[in-house]
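A.B. asks: To start, I am sharing the structure in question, which I have written as structure tokens.
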Amino acid sequence: MSRPKNQNYKGHGLSKGKEREQRASIRFKTTLVNTLTDVLRNRPGWVEVKDEGEWDFYWCDVSWLRENFDHTYMDDHVRISHFRNHYELTRKNYMVKNLKRFRRQLEREAGKLEAAKCDFFPKTFEMPCEYHLFVEEFRKHPGITWIMKPVARSQGKGIFLFRRLKDVMDWRKDTRNSDDQKEELPVENYVAQRYVENPYLIGGRKFDLRVYVLVMSYLPLRAWLYRDGFARFSNTRFTLSSIDDQYVHLTNVAVQKTSPDYHPKKGCKWMLQRFRQYLASKHGPQAVEALFSDMDNIFIKSLQSVQKVIISDKHCFELYGYDILIDQDLKPWLLEVNASPSLTASSQEDYELKTCLVEDTLHVVDMEARLTGKEKRIGGFDLMWNDGPVSREEGAPDLPGTGNFMTNTHLGCINDRKNQLQHLFCSLQAQKKASS
């Protein structure tokens, strides 16, 4: 592919048409400073590029993408860390719109039972455009709690709980008059969502789960699930009698670390392995398997809901951070999907998790061109969908309904990634020698 003559375009990749395998080094760029930077700088053969230099790999922020993607020419081997319109899944209002549309499509094409598999997000209305529909629903169920979330903010900013319509009207007036709105749109979009009033509690405290899903392609859909993740706890015991207390209701670390009771060394997280073991001891392994299978369904159905609207570009990949809430009936609820999950560590344990996560993401992206493309596991990542469900058993056909089919997911299970990677790359090296 030749570069456009338009001088407004920036080209990235190798000159003189060099093949991917011939690269002596990989030039990377990132504007983020966290565990990501540490991993990239320590990766053998990777060289950091500053300012306007040409790059092969760019872990960019979404603002750069919005301003530059359409004006950037990329050679075949070049990779970038977001899909062009990632917001179809990661903005709260678009996510709900796409899930609702996908549910209707499933009901038409496969019936109500299949459509019911999309019933994993609380009843949600986009505001202000669905205000009248929201009021109608609000009046059907007086006294229940709702949560208001700005669609494009993160880290718990702008979120509040309410039980009176007057609170919504007051909030709209406040946001229109506030200083930070003068430079933004006159009216900020937000969603009103039915609050899950019966969350599963551990030690009397509310929590949610952060789970990592890596998408390498939408057409066909190719998605990997990371074995590690964490539960994020609130610092204060749960109660519905104080809906204004953000330390009770919001589990975001950005919120909780401002609590007077926050312990910087301990943090407020459990690793997913510990969480899974705790649930198994309380409810038994079958109940835990059912819960984690329901979470697998959330990951796949949410990705399928945007499969036809996301622009699937071969240069793009995306590491999503899913936020899942569990209720007292062990039903998982999808709260939101993050396009830029925090890679800043809040503790040593958190640093190790995120370092390994980024390393394994780079292994899957495979700038070094070492993989065969047939791998089902790479480090802590398991291939859960490859244009269809992937079987856990090696050599088994990837066809659900045949024998004892089990999906290739191991969320919260042992992550012996170092041994697996060593075995994988030794095996690949041996194959390469045998074929040369």
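Identifiers for the structure tokens are assigned positionally: chains receive A, B, ... in sequence, residues are indexed from 1 per chain, and ligands are indexed from 1 in the order shown.
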I need the residues of stretch 19-185 of chain A that end up classed as helix (DSSP H, G or I) by DSSP on the backbone, written out as a ChimeraX atom specification.
C.D. replies: /A:20-22,35-42,62-71,87-90,92-110,112-118,131-140,165-177,179-181
A.B. asks: Work out how far atom CA of A:Met271 is from atom CA of A:Cys426, in Å to one decimal.
C.D. replies: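 According to the coordinates, atom CA of A:Cys426 and atom CA of A:Met271 are separated by 29.6 Å.
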A.B. asks: Wanna dump the stretch 48-90 of chain A-stretch 305-310 of chain A contacts at 9 Å for me, each residue with its shortest atom pair and the distance in Å to one decimal, counting only C-alpha atoms, ordered by chain and number, as a tab-separated table?
C.D. replies:
```
residue	atom	partner	partner_atom	distance
A:Phe83	CA	A:Ile310	CA	7.3
A:Arg84	CA	A:Ile310	CA	7.6
A:Asn85	CA	A:Ile310	CA	5.9
A:His86	CA	A:Ile310	CA	6.7
A:Tyr87	CA	A:Ile310	CA	8.8
A:Glu88	CA	A:Val306	CA	6.7
A:Leu89	CA	A:Val306	CA	6.6
```
A.B. asks: Generate a file of the selected residues that holds N, CA, C and O atoms, formatted as a compact mmCIF listing (two decimals), in the first residue's frame.
C.D. replies:
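As written to disk, result-v9.txt reads:
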```txt
# COMPACT_ATOMS: atom_id res chain seq x y z
N PHE A 83 -9.52 0.81 18.91
CA PHE A 83 -10.31 0.83 17.68
C PHE A 83 -10.86 2.23 17.49
O PHE A 83 -11.11 2.96 18.46
N ARG A 84 -11.04 2.58 16.22
CA ARG A 84 -11.42 3.95 15.87
C ARG A 84 -12.64 4.45 16.65
O ARG A 84 -12.65 5.53 17.19
N ASN A 85 -13.71 3.64 16.70
CA ASN A 85 -14.93 4.07 17.41
C ASN A 85 -15.21 3.15 18.61
O ASN A 85 -16.29 2.64 18.78
N HIS A 86 -14.17 3.00 19.41
CA HIS A 86 -14.25 2.19 20.64
C HIS A 86 -15.41 2.61 21.54
O HIS A 86 -15.95 1.82 22.31
N TYR A 87 -15.80 3.90 21.45
CA TYR A 87 -16.82 4.46 22.35
C TYR A 87 -18.18 3.79 22.19
O TYR A 87 -19.05 3.95 23.05
N GLU A 88 -18.38 3.04 21.09
CA GLU A 88 -19.66 2.33 20.94
C GLU A 88 -19.89 1.33 22.08
O GLU A 88 -21.01 0.99 22.40
N LEU A 89 -18.79 0.88 22.69
CA LEU A 89 -18.90 -0.04 23.83
C LEU A 89 -18.54 0.64 25.14
O LEU A 89 -19.04 0.26 26.19
```
A.B. asks: Tell me, as a PyMOL selection string, which residues lie within 10 Å of A:Glu137, counting only C-alpha atoms; anything in the same chain fewer than 6 positions away does not count.
C.D. replies: chain A and resi 123+125+131+194
A.B. asks: Since we have the selection now, will you write its residues out, keeping C-alpha atoms, as a PDB file, in the first residue's frame?
C.D. replies:
```pdb
ATOM      1  CA  LYS A 123     -32.767  -0.847  33.433  1.00  0.00           C
ATOM      2  CA  PHE A 125     -32.338   5.512  30.342  1.00  0.00           C
ATOM      3  CA  TYR A 131     -36.375  11.679  30.287  1.00  0.00           C
ATOM      4  CA  ARG A 194     -31.764   1.396  38.375  1.00  0.00           C
TER       5      ARG A 194
END
```
A.B. asks: What are the nearest atom pairs, with distances in Å to one decimal, for all residues of stretch 302-413 of chain A that come at most 7 Å from stretch 221-241 of chain A, using only C-alpha atoms, set out by chain and rising residue number as JSON lines?
C.D. replies:
```
{"residue": "A:Gly380", "atom": "CA", "partner": "A:Arg227", "partner_atom": "CA", "distance": 5.5}
{"residue": "A:Phe381", "atom": "CA", "partner": "A:Tyr226", "partner_atom": "CA", "distance": 4.5}
{"residue": "A:Asp382", "atom": "CA", "partner": "A:Trp224", "partner_atom": "CA", "distance": 5.3}
{"residue": "A:Leu383", "atom": "CA", "partner": "A:Trp224", "partner_atom": "CA", "distance": 4.4}
{"residue": "A:Met384", "atom": "CA", "partner": "A:Trp224", "partner_atom": "CA", "distance": 5.5}
{"residue": "A:Trp385", "atom": "CA", "partner": "A:Ala223", "partner_atom": "CA", "distance": 5.2}
{"residue": "A:Asn386", "atom": "CA", "partner": "A:Arg222", "partner_atom": "CA", "distance": 4.5}
{"residue": "A:Asp387", "atom": "CA", "partner": "A:Leu221", "partner_atom": "CA", "distance": 5.1}
{"residue": "A:Thr409", "atom": "CA", "partner": "A:Leu225", "partner_atom": "CA", "distance": 6.7}
{"residue": "A:His410", "atom": "CA", "partner": "A:Arg227", "partner_atom": "CA", "distance": 5.7}
{"residue": "A:Leu411", "atom": "CA", "partner": "A:Arg227", "partner_atom": "CA", "distance": 4.3}
{"residue": "A:Gly412", "atom": "CA", "partner": "A:Arg227", "partner_atom": "CA", "distance": 5.5}
{"residue": "A:Cys413", "atom": "CA", "partner": "A:Arg227", "partner_atom": "CA", "distance": 6.2}
```
A.B. asks: In Å, rounded to a single decimal, give me how far atom CA of A:Glu375 is from atom CA of A:Glu394.
C.D. replies: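 We find that atom CA of A:Glu394 and atom CA of A:Glu375 lie 10.1 Å from each other.
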A.B. asks: Could you find all residues in stretch 29-209 of chain A that DSSP calls strand (DSSP E or B) from the backbone, and write them as a PyMOL selection string?
C.D. replies: chain A and resi 29-30+46-48+57-59+72-74+79-80+124-127+146-150+160-162+190-194+199+202+205+207-209
A.B. asks: Create the file for the chosen residues now, containing N, CA and C atoms and written as an mmCIF file, in the first residue's frame.
C.D. replies:
```cif
data_model
loop_
_atom_site.group_PDB
_atom_site.id
_atom_site.type_symbol
_atom_site.label_atom_id
_atom_site.label_comp_id
_atom_site.auth_asym_id
_atom_site.auth_seq_id
_atom_site.Cartn_x
_atom_site.Cartn_y
_atom_site.Cartn_z
ATOM 1 N N LYS A 29 5.797 4.058 21.011
ATOM 2 C CA LYS A 29 5.496 5.382 21.524
ATOM 3 C C LYS A 29 4.338 5.276 22.506
ATOM 4 N N THR A 30 4.392 6.041 23.568
ATOM 5 C CA THR A 30 3.248 6.154 24.477
ATOM 6 C C THR A 30 3.356 7.467 25.222
ATOM 7 N N TRP A 46 12.878 -3.375 21.935
ATOM 8 C CA TRP A 46 11.933 -2.271 21.756
ATOM 9 C C TRP A 46 12.627 -0.954 22.074
ATOM 10 N N VAL A 47 12.420 0.035 21.214
ATOM 11 C CA VAL A 47 13.104 1.327 21.341
ATOM 12 C C VAL A 47 12.049 2.435 21.396
ATOM 13 N N GLU A 48 12.185 3.310 22.391
ATOM 14 C CA GLU A 48 11.193 4.376 22.553
ATOM 15 C C GLU A 48 11.417 5.503 21.554
ATOM 16 N N PHE A 57 4.607 0.794 16.995
ATOM 17 C CA PHE A 57 3.608 0.436 18.004
ATOM 18 C C PHE A 57 3.309 1.677 18.838
ATOM 19 N N TYR A 58 2.019 2.021 18.976
ATOM 20 C CA TYR A 58 1.645 3.211 19.745
ATOM 21 C C TYR A 58 0.527 2.849 20.715
ATOM 22 N N TRP A 59 0.841 2.912 22.004
ATOM 23 C CA TRP A 59 -0.202 2.778 23.037
ATOM 24 C C TRP A 59 -0.649 4.200 23.336
ATOM 25 N N THR A 72 -3.534 9.464 9.704
ATOM 26 C CA THR A 72 -2.300 8.713 9.913
ATOM 27 C C THR A 72 -2.275 7.477 9.014
ATOM 28 N N TYR A 73 -1.247 7.373 8.185
ATOM 29 C CA TYR A 73 -1.066 6.170 7.360
ATOM 30 C C TYR A 73 -0.198 5.183 8.138
ATOM 31 N N MET A 74 -0.618 3.912 8.153
ATOM 32 C CA MET A 74 0.132 2.893 8.889
ATOM 33 C C MET A 74 0.453 1.718 7.983
ATOM 34 N N ARG A 79 0.784 -1.361 14.859
ATOM 35 C CA ARG A 79 -0.341 -1.611 15.760
ATOM 36 C C ARG A 79 -0.575 -0.411 16.667
ATOM 37 N N ILE A 80 -1.865 -0.202 16.981
ATOM 38 C CA ILE A 80 -2.282 0.919 17.824
ATOM 39 C C ILE A 80 -3.334 0.417 18.818
ATOM 40 N N THR A 124 -31.951 1.057 32.180
ATOM 41 C CA THR A 124 -31.166 2.287 31.990
ATOM 42 C C THR A 124 -31.848 3.204 30.985
ATOM 43 N N PHE A 125 -31.778 4.506 31.250
ATOM 44 C CA PHE A 125 -32.338 5.512 30.342
ATOM 45 C C PHE A 125 -31.288 6.581 30.065
ATOM 46 N N GLU A 126 -31.197 6.976 28.795
ATOM 47 C CA GLU A 126 -30.274 8.061 28.436
ATOM 48 C C GLU A 126 -30.962 9.387 28.676
ATOM 49 N N MET A 127 -30.258 10.275 29.324
ATOM 50 C CA MET A 127 -30.818 11.589 29.647
ATOM 51 C C MET A 127 -30.018 12.686 28.929
ATOM 52 N N TRP A 146 -32.162 4.986 42.353
ATOM 53 C CA TRP A 146 -31.568 5.102 41.026
ATOM 54 C C TRP A 146 -30.178 5.715 41.154
ATOM 55 N N ILE A 147 -29.342 5.477 40.156
ATOM 56 C CA ILE A 147 -28.003 6.061 40.138
ATOM 57 C C ILE A 147 -27.814 6.835 38.840
ATOM 58 N N MET A 148 -27.266 8.019 38.951
ATOM 59 C CA MET A 148 -27.038 8.899 37.800
ATOM 60 C C MET A 148 -25.556 8.925 37.462
ATOM 61 N N LYS A 149 -25.223 8.684 36.180
ATOM 62 C CA LYS A 149 -23.818 8.630 35.765
ATOM 63 C C LYS A 149 -23.606 9.469 34.504
ATOM 64 N N PRO A 150 -22.694 10.428 34.521
ATOM 65 C CA PRO A 150 -22.317 11.112 33.268
ATOM 66 C C PRO A 150 -21.733 10.084 32.305
ATOM 67 N N PHE A 160 -24.146 10.184 41.332
ATOM 68 C CA PHE A 160 -24.894 10.299 42.589
ATOM 69 C C PHE A 160 -26.126 9.398 42.550
ATOM 70 N N LEU A 161 -26.618 9.055 43.744
ATOM 71 C CA LEU A 161 -27.822 8.232 43.888
ATOM 72 C C LEU A 161 -28.994 9.124 44.237
ATOM 73 N N PHE A 162 -30.207 8.708 43.848
ATOM 74 C CA PHE A 162 -31.377 9.527 44.173
ATOM 75 C C PHE A 162 -32.638 8.667 44.241
ATOM 76 N N TYR A 190 -26.080 11.983 30.262
ATOM 77 C CA TYR A 190 -25.863 11.070 31.362
ATOM 78 C C TYR A 190 -26.880 9.944 31.275
ATOM 79 N N VAL A 191 -26.694 8.905 32.083
ATOM 80 C CA VAL A 191 -27.670 7.826 32.137
ATOM 81 C C VAL A 191 -28.232 7.728 33.541
ATOM 82 N N ALA A 192 -29.529 7.442 33.605
ATOM 83 C CA ALA A 192 -30.188 7.120 34.874
ATOM 84 C C ALA A 192 -30.389 5.611 34.874
ATOM 85 N N GLN A 193 -29.858 4.959 35.885
ATOM 86 C CA GLN A 193 -29.833 3.497 35.906
ATOM 87 C C GLN A 193 -30.398 3.013 37.240
ATOM 88 N N ARG A 194 -31.223 1.967 37.150
ATOM 89 C CA ARG A 194 -31.764 1.396 38.375
ATOM 90 C C ARG A 194 -30.610 0.847 39.221
ATOM 91 N N PRO A 199 -26.631 -5.833 46.562
ATOM 92 C CA PRO A 199 -25.313 -6.337 46.142
ATOM 93 C C PRO A 199 -24.816 -7.428 47.089
ATOM 94 N N ILE A 202 -19.203 -8.689 51.227
ATOM 95 C CA ILE A 202 -18.175 -9.452 51.937
ATOM 96 C C ILE A 202 -17.710 -8.573 53.096
ATOM 97 N N ARG A 205 -19.335 -5.161 53.211
ATOM 98 C CA ARG A 205 -18.962 -4.095 52.281
ATOM 99 C C ARG A 205 -19.269 -4.474 50.827
ATOM 100 N N PHE A 207 -18.645 -4.384 46.726
ATOM 101 C CA PHE A 207 -17.470 -4.468 45.858
ATOM 102 C C PHE A 207 -17.935 -4.657 44.418
ATOM 103 N N ASP A 208 -17.049 -4.412 43.481
ATOM 104 C CA ASP A 208 -17.271 -4.846 42.102
ATOM 105 C C ASP A 208 -15.996 -5.500 41.596
ATOM 106 N N LEU A 209 -16.085 -6.129 40.434
ATOM 107 C CA LEU A 209 -14.948 -6.853 39.867
ATOM 108 C C LEU A 209 -14.400 -6.111 38.654
#
```
A.B. asks: Please identify all polymer residues within 12 Å of A:Glu368, counting only C-alpha atoms, omitting same-chain residues fewer than 2 positions from it, and present them as a VMD selection string.
C.D. replies: chain A and resid 19 to 27 43 to 46 56 to 57 77 to 79 362 to 366 370 to 372 425
